[in-house]
Amino acid sequence: MPAPRADVLKGDGALFDDTSATSAAVTSVDLPAADGARPVQYTLTSAADHTRAPSGWTLQGSADGNSWKTLDHRSGESFHWDRQTRAFDIAAPGTYAKYRLVLDGEATLAEVELLG
């Protein structure tokens, strides 16, 4: 039986505190993944006002923090209610030293998870 996927992010702040009661307005988020993590999915949770959720973003991975590879790109997305969690498959998973989420403009999120 396969093991359930677990969040590989281990960071401080509203986006990594395992609750949708907190939120942050961001344009880009450095994702503090555990060493050797190979996420295959990620989740985004809208904040208390879903109209401020992002509609487009790019998930990227990097070996050195200078050169970034696109792992997944989304546009035209929507969150239909407050504090909604949506899961997305990573189109091109891999193991990287650094991960980041770059939004197509400022938006508010309550939670981000990388699942591996």
# chains A, B, ... in the order shown; residues from 1 in each chain; ligands from 1
>>> residues_around(residues="Arg5 of chain A", least_positions_apart="4", cutoff="10 Å", atoms="only C-alpha atoms", output="number ranges by chain")
A: 39-41, 114-116
>>> write_last_selection(atoms="N, CA, C and O atoms", output="mmCIF file, in the first residue's frame")
data_model
loop_
_atom_site.group_PDB
_atom_site.id
_atom_site.type_symbol
_atom_site.label_atom_id
_atom_site.label_comp_id
_atom_site.auth_asym_id
_atom_site.auth_seq_id
_atom_site.Cartn_x
_atom_site.Cartn_y
_atom_site.Cartn_z
ATOM 1 N N PRO A 39 8.749 16.806 -4.492
ATOM 2 C CA PRO A 39 7.291 16.948 -4.484
ATOM 3 C C PRO A 39 6.674 16.580 -5.828
ATOM 4 O O PRO A 39 7.274 16.800 -6.880
ATOM 5 N N VAL A 40 5.483 16.001 -5.767
ATOM 6 C CA VAL A 40 4.758 15.622 -6.980
ATOM 7 C C VAL A 40 3.414 16.343 -7.091
ATOM 8 O O VAL A 40 2.766 16.293 -8.127
ATOM 9 N N GLN A 41 3.004 16.991 -6.003
ATOM 10 C CA GLN A 41 1.782 17.793 -5.975
ATOM 11 C C GLN A 41 2.020 18.984 -5.069
ATOM 12 O O GLN A 41 2.946 18.989 -4.255
ATOM 13 N N LEU A 114 3.833 21.711 -0.369
ATOM 14 C CA LEU A 114 4.450 20.866 -1.395
ATOM 15 C C LEU A 114 4.328 19.446 -0.886
ATOM 16 O O LEU A 114 4.780 19.132 0.221
ATOM 17 N N LEU A 115 3.725 18.584 -1.662
ATOM 18 C CA LEU A 115 3.471 17.205 -1.223
ATOM 19 C C LEU A 115 4.361 16.225 -1.955
ATOM 20 O O LEU A 115 4.417 16.214 -3.180
ATOM 21 N N GLY A 116 5.060 15.411 -1.173
ATOM 22 C CA GLY A 116 5.954 14.428 -1.752
ATOM 23 C C GLY A 116 5.847 13.101 -1.060
ATOM 24 O O GLY A 116 5.157 12.928 -0.087
#
>>> closest_residue(among="A:Tyr99, A:Gly94, A:Phe88, A:Ser78", to="Ala34 of chain A", atoms="only C-alpha atoms")
A:Tyr99
>>> closest_atom_pairs(of="segment 66-105 of chain A", to="segment 55-60 of chain A", cutoff="8 Å", atoms="only C-alpha atoms", output="Markdown table")
| residue | atom | partner | partner_atom | distance |
| --- | --- | --- | --- | --- |
| A:Trp68 | CA | A:Gln60 | CA | 6.0 |
| A:Lys69 | CA | A:Gln60 | CA | 5.4 |
| A:Thr70 | CA | A:Gln60 | CA | 4.5 |
| A:Leu71 | CA | A:Gln60 | CA | 5.2 |
| A:Asp72 | CA | A:Leu59 | CA | 5.1 |
| A:His73 | CA | A:Thr58 | CA | 4.4 |
| A:Arg74 | CA | A:Gly56 | CA | 5.2 |
| A:Ser75 | CA | A:Gly56 | CA | 4.0 |
| A:Gly76 | CA | A:Ser55 | CA | 5.3 |
| A:Glu77 | CA | A:Ser55 | CA | 4.5 |
| A:Ser78 | CA | A:Ser55 | CA | 5.6 |
| A:Tyr99 | CA | A:Gln60 | CA | 5.6 |
| A:Arg100 | CA | A:Gln60 | CA | 5.3 |
| A:Leu101 | CA | A:Leu59 | CA | 4.6 |
| A:Val102 | CA | A:Thr58 | CA | 5.2 |
| A:Leu103 | CA | A:Trp57 | CA | 4.1 |
| A:Asp104 | CA | A:Gly56 | CA | 5.3 |
>>> write_last_selection(atoms="N, CA, C and O atoms", output="JSON list (two decimals), in the first residue's frame")
[["chain", "number", "residue", "atom", "x", "y", "z"],
["A", 68, "TRP", "N", 16.48, 28.95, -12.59],
["A", 68, "TRP", "CA", 15.22, 28.33, -12.18],
["A", 68, "TRP", "C", 14.57, 27.59, -13.33],
["A", 68, "TRP", "O", 14.61, 28.03, -14.47],
["A", 69, "LYS", "N", 13.97, 26.45, -13.03],
["A", 69, "LYS", "CA", 13.26, 25.64, -14.01],
["A", 69, "LYS", "C", 11.77, 25.65, -13.66],
["A", 69, "LYS", "O", 11.40, 25.47, -12.49],
["A", 70, "THR", "N", 10.93, 25.84, -14.65],
["A", 70, "THR", "CA", 9.49, 25.80, -14.43],
["A", 70, "THR", "C", 9.04, 24.36, -14.24],
["A", 70, "THR", "O", 9.28, 23.51, -15.09],
["A", 71, "LEU", "N", 8.40, 24.09, -13.10],
["A", 71, "LEU", "CA", 7.89, 22.77, -12.80],
["A", 71, "LEU", "C", 6.40, 22.67, -13.10],
["A", 71, "LEU", "O", 5.89, 21.60, -13.42],
["A", 72, "ASP", "N", 5.70, 23.79, -12.98],
["A", 72, "ASP", "CA", 4.26, 23.84, -13.28],
["A", 72, "ASP", "C", 3.87, 25.29, -13.48],
["A", 72, "ASP", "O", 4.38, 26.19, -12.80],
["A", 73, "HIS", "N", 2.98, 25.52, -14.43],
["A", 73, "HIS", "CA", 2.48, 26.87, -14.71],
["A", 73, "HIS", "C", 0.97, 26.81, -14.84],
["A", 73, "HIS", "O", 0.44, 25.91, -15.50],
["A", 74, "ARG", "N", 0.29, 27.75, -14.21],
["A", 74, "ARG", "CA", -1.18, 27.81, -14.26],
["A", 74, "ARG", "C", -1.64, 29.22, -14.58],
["A", 74, "ARG", "O", -1.03, 30.19, -14.14],
["A", 75, "SER", "N", -2.73, 29.31, -15.34],
["A", 75, "SER", "CA", -3.38, 30.59, -15.60],
["A", 75, "SER", "C", -4.88, 30.35, -15.69],
["A", 75, "SER", "O", -5.33, 29.23, -15.94],
["A", 76, "GLY", "N", -5.66, 31.39, -15.45],
["A", 76, "GLY", "CA", -7.11, 31.28, -15.53],
["A", 76, "GLY", "C", -7.72, 30.44, -14.42],
["A", 76, "GLY", "O", -8.83, 29.93, -14.56],
["A", 77, "GLU", "N", -7.01, 30.28, -13.32],
["A", 77, "GLU", "CA", -7.51, 29.49, -12.19],
["A", 77, "GLU", "C", -8.41, 30.36, -11.32],
["A", 77, "GLU", "O", -8.31, 31.58, -11.32],
["A", 78, "SER", "N", -9.30, 29.71, -10.55],
["A", 78, "SER", "CA", -10.15, 30.46, -9.63],
["A", 78, "SER", "C", -10.43, 29.65, -8.39],
["A", 78, "SER", "O", -10.43, 28.41, -8.42],
["A", 99, "TYR", "N", 12.85, 25.80, -4.01],
["A", 99, "TYR", "CA", 11.58, 25.90, -4.71],
["A", 99, "TYR", "C", 10.99, 27.28, -4.46],
["A", 99, "TYR", "O", 11.22, 27.88, -3.40],
["A", 100, "ARG", "N", 10.25, 27.79, -5.44],
["A", 100, "ARG", "CA", 9.53, 29.04, -5.23],
["A", 100, "ARG", "C", 8.25, 29.04, -6.06],
["A", 100, "ARG", "O", 8.13, 28.34, -7.06],
["A", 101, "LEU", "N", 7.31, 29.86, -5.60],
["A", 101, "LEU", "CA", 6.05, 30.06, -6.28],
["A", 101, "LEU", "C", 5.99, 31.52, -6.68],
["A", 101, "LEU", "O", 6.08, 32.42, -5.82],
["A", 102, "VAL", "N", 5.89, 31.80, -7.98],
["A", 102, "VAL", "CA", 5.85, 33.16, -8.49],
["A", 102, "VAL", "C", 4.45, 33.42, -9.02],
["A", 102, "VAL", "O", 4.00, 32.76, -9.96],
["A", 103, "LEU", "N", 3.76, 34.37, -8.41],
["A", 103, "LEU", "CA", 2.39, 34.70, -8.80],
["A", 103, "LEU", "C", 2.38, 35.72, -9.93],
["A", 103, "LEU", "O", 3.32, 36.50, -10.08],
["A", 104, "ASP", "N", 1.30, 35.73, -10.69],
["A", 104, "ASP", "CA", 1.13, 36.70, -11.77],
["A", 104, "ASP", "C", 0.54, 38.00, -11.21],
["A", 104, "ASP", "O", -0.50, 38.47, -11.65]]
>>> closest_residue(among="A:Phe16, A:Glu113, A:Ala97, A:Pro4", to="Ser67 of chain A", atoms="only C-alpha atoms")
A:Ala97
>>> select_by_dssp(residues="segment 14-115 of chain A", states="helix (DSSP H, G or I)", output="JSON, numbers by chain")
{"A": [14, 15, 16, 50, 51, 52]}
>>> write_last_selection(atoms="N, CA, C and O atoms", output="PDB file, in the first residue's frame")
ATOM      1  N   ALA A  14       2.790  32.734   7.987  1.00  0.00           N
ATOM      2  CA  ALA A  14       1.380  32.445   7.739  1.00  0.00           C
ATOM      3  C   ALA A  14       1.158  31.356   6.689  1.00  0.00           C
ATOM      4  O   ALA A  14       0.211  30.583   6.800  1.00  0.00           O
ATOM      5  N   LEU A  15       2.011  31.280   5.697  1.00  0.00           N
ATOM      6  CA  LEU A  15       1.777  30.330   4.601  1.00  0.00           C
ATOM      7  C   LEU A  15       2.186  28.899   4.935  1.00  0.00           C
ATOM      8  O   LEU A  15       1.854  27.976   4.194  1.00  0.00           O
ATOM      9  N   PHE A  16       2.889  28.720   6.056  1.00  0.00           N
ATOM     10  CA  PHE A  16       3.415  27.389   6.399  1.00  0.00           C
ATOM     11  C   PHE A  16       2.989  26.934   7.793  1.00  0.00           C
ATOM     12  O   PHE A  16       3.565  26.000   8.346  1.00  0.00           O
ATOM     13  N   HIS A  50     -11.757  35.064  -0.804  1.00  0.00           N
ATOM     14  CA  HIS A  50     -11.307  34.288  -1.977  1.00  0.00           C
ATOM     15  C   HIS A  50     -11.132  35.141  -3.229  1.00  0.00           C
ATOM     16  O   HIS A  50     -10.443  34.721  -4.159  1.00  0.00           O
ATOM     17  N   THR A  51     -11.705  36.322  -3.277  1.00  0.00           N
ATOM     18  CA  THR A  51     -11.568  37.181  -4.463  1.00  0.00           C
ATOM     19  C   THR A  51     -10.147  37.719  -4.606  1.00  0.00           C
ATOM     20  O   THR A  51      -9.789  38.239  -5.652  1.00  0.00           O
ATOM     21  N   ARG A  52      -9.331  37.581  -3.568  1.00  0.00           N
ATOM     22  CA  ARG A  52      -7.939  38.037  -3.611  1.00  0.00           C
ATOM     23  C   ARG A  52      -6.967  36.895  -3.890  1.00  0.00           C
ATOM     24  O   ARG A  52      -5.759  37.079  -3.837  1.00  0.00           O
TER      25      ARG A  52
END
>>> residues_around(residues="Ala110 of chain A", least_positions_apart="2", cutoff="6 Å", atoms="only C-alpha atoms", output="short mmCIF file (atom, residue, chain, number, x, y, z; two decimals) with all heavy atoms, in the first residue's frame")
data_model
loop_
_atom_site.label_atom_id
_atom_site.label_comp_id
_atom_site.auth_asym_id
_atom_site.auth_seq_id
_atom_site.Cartn_x
_atom_site.Cartn_y
_atom_site.Cartn_z
N LEU A 15 2.01 31.28 5.70
CA LEU A 15 1.78 30.33 4.60
C LEU A 15 2.19 28.90 4.93
O LEU A 15 1.85 27.98 4.19
CB LEU A 15 2.50 30.79 3.34
CG LEU A 15 2.05 32.15 2.80
CD1 LEU A 15 2.84 32.50 1.55
CD2 LEU A 15 0.56 32.16 2.52
N SER A 20 -5.65 27.79 7.94
CA SER A 20 -6.16 28.77 6.98
C SER A 20 -6.66 30.03 7.69
O SER A 20 -7.19 30.92 7.05
CB SER A 20 -7.28 28.16 6.14
OG SER A 20 -8.36 27.77 6.97
N THR A 22 -4.71 32.21 9.09
CA THR A 22 -3.74 33.27 8.82
C THR A 22 -3.53 33.37 7.32
O THR A 22 -3.80 32.42 6.58
CB THR A 22 -2.40 32.98 9.52
OG1 THR A 22 -1.90 31.73 9.02
CG2 THR A 22 -2.57 32.92 11.02
N SER A 23 -3.04 34.52 6.86
CA SER A 23 -2.82 34.68 5.43
C SER A 23 -1.72 35.71 5.19
O SER A 23 -1.30 36.41 6.11
CB SER A 23 -4.10 35.11 4.72
OG SER A 23 -4.54 36.36 5.20
N THR A 45 -4.21 27.37 -0.65
CA THR A 45 -5.45 27.64 0.07
C THR A 45 -5.73 29.13 0.01
O THR A 45 -4.86 29.94 0.37
CB THR A 45 -5.34 27.18 1.54
OG1 THR A 45 -5.05 25.79 1.56
CG2 THR A 45 -6.64 27.44 2.29
N SER A 46 -6.93 29.47 -0.45
CA SER A 46 -7.32 30.88 -0.51
C SER A 46 -7.51 31.42 0.90
O SER A 46 -7.75 30.68 1.85
CB SER A 46 -8.60 31.04 -1.34
OG SER A 46 -9.69 30.36 -0.74
N ALA A 47 -7.40 32.72 1.03
CA ALA A 47 -7.55 33.38 2.33
C ALA A 47 -9.04 33.59 2.64
O ALA A 47 -9.92 33.08 1.93
CB ALA A 47 -6.80 34.70 2.32
#
>>> select_by_dssp(residues="segment 13-104 of chain A", states="strand (DSSP E)", output="tab-separated table (two decimals) with all heavy atoms, in the first residue's frame")
chain	number	residue	atom	x	y	z
A	24	ALA	N	-1.27	35.79	3.94
A	24	ALA	CA	-0.25	36.75	3.55
A	24	ALA	C	-0.49	37.18	2.12
A	24	ALA	O	-0.84	36.37	1.26
A	24	ALA	CB	1.14	36.13	3.69
A	25	ALA	N	-0.30	38.48	1.86
A	25	ALA	CA	-0.35	39.02	0.51
A	25	ALA	C	1.06	38.93	-0.07
A	25	ALA	O	2.02	39.41	0.54
A	25	ALA	CB	-0.83	40.46	0.53
A	26	VAL	N	1.19	38.27	-1.22
A	26	VAL	CA	2.51	37.99	-1.78
A	26	VAL	C	2.49	38.11	-3.30
A	26	VAL	O	1.44	38.05	-3.93
A	26	VAL	CB	2.98	36.56	-1.40
A	26	VAL	CG1	3.20	36.44	0.10
A	26	VAL	CG2	1.99	35.52	-1.87
A	27	THR	N	3.69	38.27	-3.87
A	27	THR	CA	3.88	38.18	-5.32
A	27	THR	C	4.77	36.99	-5.66
A	27	THR	O	4.71	36.45	-6.75
A	27	THR	CB	4.49	39.46	-5.91
A	27	THR	OG1	5.71	39.74	-5.24
A	27	THR	CG2	3.54	40.64	-5.75
A	28	SER	N	5.62	36.60	-4.70
A	28	SER	CA	6.52	35.46	-4.86
A	28	SER	C	6.77	34.88	-3.48
A	28	SER	O	6.86	35.62	-2.49
A	28	SER	CB	7.84	35.92	-5.49
A	28	SER	OG	8.73	34.85	-5.66
A	29	VAL	N	6.89	33.55	-3.42
A	29	VAL	CA	7.09	32.87	-2.14
A	29	VAL	C	8.23	31.87	-2.28
A	29	VAL	O	8.17	30.96	-3.12
A	29	VAL	CB	5.81	32.11	-1.71
A	29	VAL	CG1	6.03	31.43	-0.37
A	29	VAL	CG2	4.60	33.02	-1.68
A	30	ASP	N	9.29	32.05	-1.47
A	30	ASP	CA	10.32	31.03	-1.36
A	30	ASP	C	9.76	29.89	-0.52
A	30	ASP	O	9.24	30.13	0.57
A	30	ASP	CB	11.58	31.60	-0.72
A	30	ASP	CG	12.29	32.60	-1.63
A	30	ASP	OD1	12.24	32.41	-2.86
A	30	ASP	OD2	12.88	33.56	-1.11
A	31	LEU	N	9.86	28.68	-1.02
A	31	LEU	CA	9.26	27.52	-0.36
A	31	LEU	C	10.34	26.71	0.35
A	31	LEU	O	11.18	26.08	-0.31
A	31	LEU	CB	8.51	26.66	-1.39
A	31	LEU	CG	7.42	27.41	-2.16
A	31	LEU	CD1	6.85	26.54	-3.27
A	31	LEU	CD2	6.32	27.89	-1.22
A	41	GLN	N	3.00	16.99	-6.00
A	41	GLN	CA	1.78	17.79	-5.98
A	41	GLN	C	2.02	18.98	-5.07
A	41	GLN	O	2.95	18.99	-4.26
A	41	GLN	CB	0.60	17.01	-5.39
A	41	GLN	CG	-0.10	16.08	-6.32
A	41	GLN	CD	-1.36	15.52	-5.67
A	41	GLN	OE1	-1.35	15.15	-4.50
A	41	GLN	NE2	-2.42	15.44	-6.43
A	42	TYR	N	1.15	19.99	-5.20
A	42	TYR	CA	1.17	21.10	-4.27
A	42	TYR	C	-0.26	21.57	-4.05
A	42	TYR	O	-1.14	21.29	-4.86
A	42	TYR	CB	2.06	22.25	-4.75
A	42	TYR	CG	1.67	22.89	-6.06
A	42	TYR	CD1	1.01	24.12	-6.09
A	42	TYR	CD2	1.97	22.29	-7.27
A	42	TYR	CE1	0.68	24.73	-7.30
A	42	TYR	CE2	1.64	22.88	-8.47
A	42	TYR	CZ	0.99	24.11	-8.48
A	42	TYR	OH	0.66	24.70	-9.67
A	43	THR	N	-0.48	22.22	-2.92
A	43	THR	CA	-1.79	22.79	-2.64
A	43	THR	C	-1.66	24.27	-2.36
A	43	THR	O	-0.64	24.73	-1.82
A	43	THR	CB	-2.49	22.12	-1.43
A	43	THR	OG1	-1.79	22.46	-0.23
A	43	THR	CG2	-2.59	20.62	-1.59
A	44	LEU	N	-2.68	25.00	-2.74
A	44	LEU	CA	-2.82	26.41	-2.39
A	44	LEU	C	-4.16	26.57	-1.71
A	44	LEU	O	-5.16	25.98	-2.14
A	44	LEU	CB	-2.77	27.29	-3.63
A	44	LEU	CG	-1.51	27.20	-4.51
A	44	LEU	CD1	-1.65	28.13	-5.71
A	44	LEU	CD2	-0.27	27.52	-3.71
A	45	THR	N	-4.21	27.37	-0.65
A	45	THR	CA	-5.45	27.64	0.07
A	45	THR	C	-5.73	29.13	0.01
A	45	THR	O	-4.86	29.94	0.37
A	45	THR	CB	-5.34	27.18	1.54
A	45	THR	OG1	-5.05	25.79	1.56
A	45	THR	CG2	-6.64	27.44	2.29
A	46	SER	N	-6.93	29.47	-0.45
A	46	SER	CA	-7.32	30.88	-0.51
A	46	SER	C	-7.51	31.42	0.90
A	46	SER	O	-7.75	30.68	1.85
A	46	SER	CB	-8.60	31.04	-1.34
A	46	SER	OG	-9.69	30.36	-0.74
A	57	TRP	N	0.07	31.50	-11.76
A	57	TRP	CA	1.34	31.38	-11.04
A	57	TRP	C	2.24	30.38	-11.75
A	57	TRP	O	1.81	29.62	-12.61
A	57	TRP	CB	1.11	30.94	-9.60
A	57	TRP	CG	0.38	29.63	-9.48
A	57	TRP	CD1	0.92	28.37	-9.53
A	57	TRP	CD2	-1.03	29.45	-9.32
A	57	TRP	NE1	-0.06	27.43	-9.41
A	57	TRP	CE2	-1.27	28.06	-9.27
A	57	TRP	CE3	-2.11	30.32	-9.20
A	57	TRP	CZ2	-2.54	27.52	-9.13
A	57	TRP	CZ3	-3.37	29.79	-9.05
A	57	TRP	CH2	-3.58	28.41	-9.01
A	58	THR	N	3.51	30.38	-11.32
A	58	THR	CA	4.51	29.43	-11.81
A	58	THR	C	5.24	28.85	-10.61
A	58	THR	O	5.73	29.60	-9.76
A	58	THR	CB	5.51	30.13	-12.75
A	58	THR	OG1	4.79	30.73	-13.83
A	58	THR	CG2	6.52	29.14	-13.31
A	59	LEU	N	5.29	27.53	-10.54
A	59	LEU	CA	6.08	26.84	-9.53
A	59	LEU	C	7.43	26.52	-10.16
A	59	LEU	O	7.48	25.97	-11.26
A	59	LEU	CB	5.38	25.55	-9.09
A	59	LEU	CG	6.14	24.69	-8.08
A	59	LEU	CD1	6.27	25.41	-6.73
A	59	LEU	CD2	5.45	23.34	-7.91
A	60	GLN	N	8.51	26.88	-9.47
A	60	GLN	CA	9.85	26.70	-10.02
A	60	GLN	C	10.75	25.96	-9.04
A	60	GLN	O	10.55	26.03	-7.82
A	60	GLN	CB	10.48	28.06	-10.33
A	60	GLN	CG	9.70	28.84	-11.38
A	60	GLN	CD	10.30	30.22	-11.62
A	60	GLN	OE1	10.73	30.89	-10.69
A	60	GLN	NE2	10.32	30.63	-12.88
A	61	GLY	N	11.75	25.29	-9.58
A	61	GLY	CA	12.77	24.62	-8.78
A	61	GLY	C	14.15	25.04	-9.26
A	61	GLY	O	14.33	25.37	-10.44
A	62	SER	N	15.12	25.03	-8.34
A	62	SER	CA	16.48	25.44	-8.68
A	62	SER	C	17.49	24.62	-7.89
A	62	SER	O	17.29	24.33	-6.71
A	62	SER	CB	16.67	26.93	-8.37
A	62	SER	OG	18.02	27.32	-8.57
A	69	LYS	N	13.97	26.45	-13.03
A	69	LYS	CA	13.26	25.64	-14.01
A	69	LYS	C	11.77	25.65	-13.66
A	69	LYS	O	11.40	25.47	-12.49
A	69	LYS	CB	13.76	24.19	-14.00
A	69	LYS	CG	13.03	23.32	-14.98
A	69	LYS	CD	13.50	21.89	-14.97
A	69	LYS	CE	12.66	21.09	-15.95
A	69	LYS	NZ	12.94	19.68	-15.92
A	70	THR	N	10.93	25.84	-14.65
A	70	THR	CA	9.49	25.80	-14.43
A	70	THR	C	9.04	24.36	-14.24
A	70	THR	O	9.28	23.51	-15.09
A	70	THR	CB	8.74	26.44	-15.62
A	70	THR	OG1	9.07	27.84	-15.65
A	70	THR	CG2	7.23	26.29	-15.47
A	71	LEU	N	8.40	24.09	-13.10
A	71	LEU	CA	7.89	22.77	-12.80
A	71	LEU	C	6.40	22.67	-13.10
A	71	LEU	O	5.89	21.60	-13.42
A	71	LEU	CB	8.13	22.43	-11.33
A	71	LEU	CG	9.56	22.59	-10.83
A	71	LEU	CD1	9.64	22.24	-9.35
A	71	LEU	CD2	10.51	21.75	-11.65
A	72	ASP	N	5.70	23.79	-12.98
A	72	ASP	CA	4.26	23.84	-13.28
A	72	ASP	C	3.87	25.29	-13.48
A	72	ASP	O	4.38	26.19	-12.80
A	72	ASP	CB	3.44	23.22	-12.13
A	72	ASP	CG	2.00	22.97	-12.53
A	72	ASP	OD1	1.78	22.27	-13.54
A	72	ASP	OD2	1.10	23.48	-11.86
A	73	HIS	N	2.98	25.52	-14.43
A	73	HIS	CA	2.48	26.87	-14.71
A	73	HIS	C	0.97	26.81	-14.84
A	73	HIS	O	0.44	25.91	-15.50
A	73	HIS	CB	3.10	27.43	-15.99
A	73	HIS	CG	2.55	28.77	-16.35
A	73	HIS	ND1	2.93	29.93	-15.71
A	73	HIS	CD2	1.63	29.13	-17.27
A	73	HIS	CE1	2.25	30.94	-16.22
A	73	HIS	NE2	1.46	30.48	-17.16
A	74	ARG	N	0.29	27.75	-14.21
A	74	ARG	CA	-1.18	27.81	-14.26
A	74	ARG	C	-1.64	29.22	-14.58
A	74	ARG	O	-1.03	30.19	-14.14
A	74	ARG	CB	-1.79	27.41	-12.90
A	74	ARG	CG	-1.37	26.05	-12.39
A	74	ARG	CD	-2.07	24.93	-13.13
A	74	ARG	NE	-1.48	23.66	-12.77
A	74	ARG	CZ	-2.15	22.53	-12.74
A	74	ARG	NH1	-3.43	22.50	-13.05
A	74	ARG	NH2	-1.55	21.40	-12.42
A	85	THR	N	-9.01	24.93	-0.35
A	85	THR	CA	-7.74	24.29	-0.67
A	85	THR	C	-7.88	23.56	-1.99
A	85	THR	O	-8.79	22.74	-2.15
A	85	THR	CB	-7.31	23.31	0.44
A	85	THR	OG1	-7.14	24.05	1.65
A	85	THR	CG2	-6.00	22.62	0.08
A	86	ARG	N	-6.98	23.85	-2.91
A	86	ARG	CA	-6.97	23.17	-4.20
A	86	ARG	C	-5.63	22.48	-4.39
A	86	ARG	O	-4.58	23.03	-4.06
A	86	ARG	CB	-7.19	24.18	-5.34
A	86	ARG	CG	-8.56	24.83	-5.25
A	86	ARG	CD	-8.92	25.62	-6.48
A	86	ARG	NE	-8.82	24.78	-7.67
A	86	ARG	CZ	-8.53	25.26	-8.89
A	86	ARG	NH1	-8.32	26.54	-9.08
A	86	ARG	NH2	-8.46	24.44	-9.92
A	87	ALA	N	-5.65	21.26	-4.92
A	87	ALA	CA	-4.44	20.48	-5.17
A	87	ALA	C	-4.12	20.50	-6.66
A	87	ALA	O	-5.02	20.46	-7.50
A	87	ALA	CB	-4.63	19.05	-4.70
A	88	PHE	N	-2.83	20.54	-6.96
A	88	PHE	CA	-2.36	20.57	-8.34
A	88	PHE	C	-1.21	19.58	-8.49
A	88	PHE	O	-0.32	19.51	-7.65
A	88	PHE	CB	-1.87	21.98	-8.71
A	88	PHE	CG	-2.90	23.04	-8.53
A	88	PHE	CD1	-2.99	23.74	-7.34
A	88	PHE	CD2	-3.80	23.33	-9.55
A	88	PHE	CE1	-3.95	24.72	-7.16
A	88	PHE	CE2	-4.76	24.31	-9.37
A	88	PHE	CZ	-4.84	25.00	-8.18
A	89	ASP	N	-1.23	18.82	-9.58
A	89	ASP	CA	-0.11	17.94	-9.90
A	89	ASP	C	1.03	18.78	-10.46
A	89	ASP	O	0.80	19.75	-11.19
A	89	ASP	CB	-0.51	16.90	-10.95
A	89	ASP	CG	-1.48	15.86	-10.41
A	89	ASP	OD1	-1.46	15.60	-9.19
A	89	ASP	OD2	-2.26	15.32	-11.21
A	98	LYS	N	16.09	24.27	-4.04
A	98	LYS	CA	15.21	25.39	-3.72
A	98	LYS	C	13.95	25.34	-4.59
A	98	LYS	O	14.00	24.91	-5.74
A	98	LYS	CB	15.93	26.72	-3.95
A	98	LYS	CG	17.16	26.89	-3.07
A	98	LYS	CD	17.83	28.23	-3.31
A	98	LYS	CE	19.05	28.39	-2.45
A	98	LYS	NZ	18.79	28.50	-1.04
A	99	TYR	N	12.85	25.80	-4.01
A	99	TYR	CA	11.58	25.90	-4.71
A	99	TYR	C	10.99	27.28	-4.46
A	99	TYR	O	11.22	27.88	-3.40
A	99	TYR	CB	10.58	24.84	-4.20
A	99	TYR	CG	11.00	23.43	-4.49
A	99	TYR	CD1	11.80	22.74	-3.60
A	99	TYR	CD2	10.59	22.79	-5.66
A	99	TYR	CE1	12.19	21.43	-3.85
A	99	TYR	CE2	10.98	21.49	-5.93
A	99	TYR	CZ	11.78	20.82	-5.02
A	99	TYR	OH	12.16	19.54	-5.28
A	100	ARG	N	10.25	27.79	-5.44
A	100	ARG	CA	9.53	29.04	-5.23
A	100	ARG	C	8.25	29.04	-6.06
A	100	ARG	O	8.13	28.34	-7.06
A	100	ARG	CB	10.40	30.25	-5.56
A	100	ARG	CG	10.69	30.45	-7.04
A	100	ARG	CD	11.56	31.67	-7.26
A	100	ARG	NE	11.85	31.84	-8.68
A	100	ARG	CZ	12.72	32.71	-9.17
A	100	ARG	NH1	13.41	33.50	-8.34
A	100	ARG	NH2	12.92	32.81	-10.47
A	101	LEU	N	7.31	29.86	-5.60
A	101	LEU	CA	6.05	30.06	-6.28
A	101	LEU	C	5.99	31.52	-6.68
A	101	LEU	O	6.08	32.42	-5.82
A	101	LEU	CB	4.88	29.72	-5.34
A	101	LEU	CG	3.48	29.81	-5.94
A	101	LEU	CD1	3.26	28.69	-6.96
A	101	LEU	CD2	2.43	29.73	-4.84
A	102	VAL	N	5.89	31.80	-7.98
A	102	VAL	CA	5.85	33.16	-8.49
A	102	VAL	C	4.45	33.42	-9.02
A	102	VAL	O	4.00	32.76	-9.96
A	102	VAL	CB	6.91	33.37	-9.60
A	102	VAL	CG1	6.86	34.79	-10.12
A	102	VAL	CG2	8.30	33.01	-9.10
A	103	LEU	N	3.76	34.37	-8.41
A	103	LEU	CA	2.39	34.70	-8.80
A	103	LEU	C	2.38	35.72	-9.93
A	103	LEU	O	3.32	36.50	-10.08
A	103	LEU	CB	1.62	35.24	-7.60
A	103	LEU	CG	1.64	34.38	-6.33
A	103	LEU	CD1	0.83	35.04	-5.24
A	103	LEU	CD2	1.13	32.99	-6.61
A	104	ASP	N	1.30	35.73	-10.69
A	104	ASP	CA	1.13	36.70	-11.77
A	104	ASP	C	0.54	38.00	-11.21
A	104	ASP	O	-0.50	38.47	-11.65
A	104	ASP	CB	0.19	36.15	-12.86
A	104	ASP	CG	0.76	34.95	-13.57
A	104	ASP	OD1	1.95	34.65	-13.39
A	104	ASP	OD2	-0.01	34.28	-14.30
>>> atom_distance(atom1="atom CA of Tyr96 of chain A", atom2="atom CA of Pro2 of chain A")
23.0 Å
>>> atom_distance(atom1="atom CA of Glu106 of chain A", atom2="atom CA of Gln84 of chain A")
18.1 Å
>>> residues_around(residues="Pro32 of chain A", least_positions_apart="6", cutoff="7 Å", atoms="only C-alpha atoms", output="short mmCIF file (atom, residue, chain, number, x, y, z; two decimals) with all heavy atoms, in the first residue's frame")
data_model
loop_
_atom_site.label_atom_id
_atom_site.label_comp_id
_atom_site.auth_asym_id
_atom_site.auth_seq_id
_atom_site.Cartn_x
_atom_site.Cartn_y
_atom_site.Cartn_z
N LEU A 9 7.35 21.06 3.25
CA LEU A 9 7.75 22.41 3.65
C LEU A 9 7.86 22.51 5.16
O LEU A 9 6.99 22.06 5.90
CB LEU A 9 6.73 23.44 3.14
CG LEU A 9 6.60 23.53 1.62
CD1 LEU A 9 5.54 24.56 1.25
CD2 LEU A 9 7.93 23.88 0.98
N LYS A 10 8.94 23.13 5.60
CA LYS A 10 9.20 23.33 7.03
C LYS A 10 9.63 24.77 7.24
O LYS A 10 10.80 25.08 7.34
CB LYS A 10 10.29 22.38 7.53
CG LYS A 10 10.02 20.92 7.25
CD LYS A 10 8.78 20.41 7.96
CE LYS A 10 8.53 18.96 7.61
NZ LYS A 10 7.14 18.62 7.55
N GLY A 11 8.66 25.68 7.30
CA GLY A 11 9.00 27.08 7.45
C GLY A 11 8.12 27.79 8.45
O GLY A 11 7.15 27.23 8.96
#
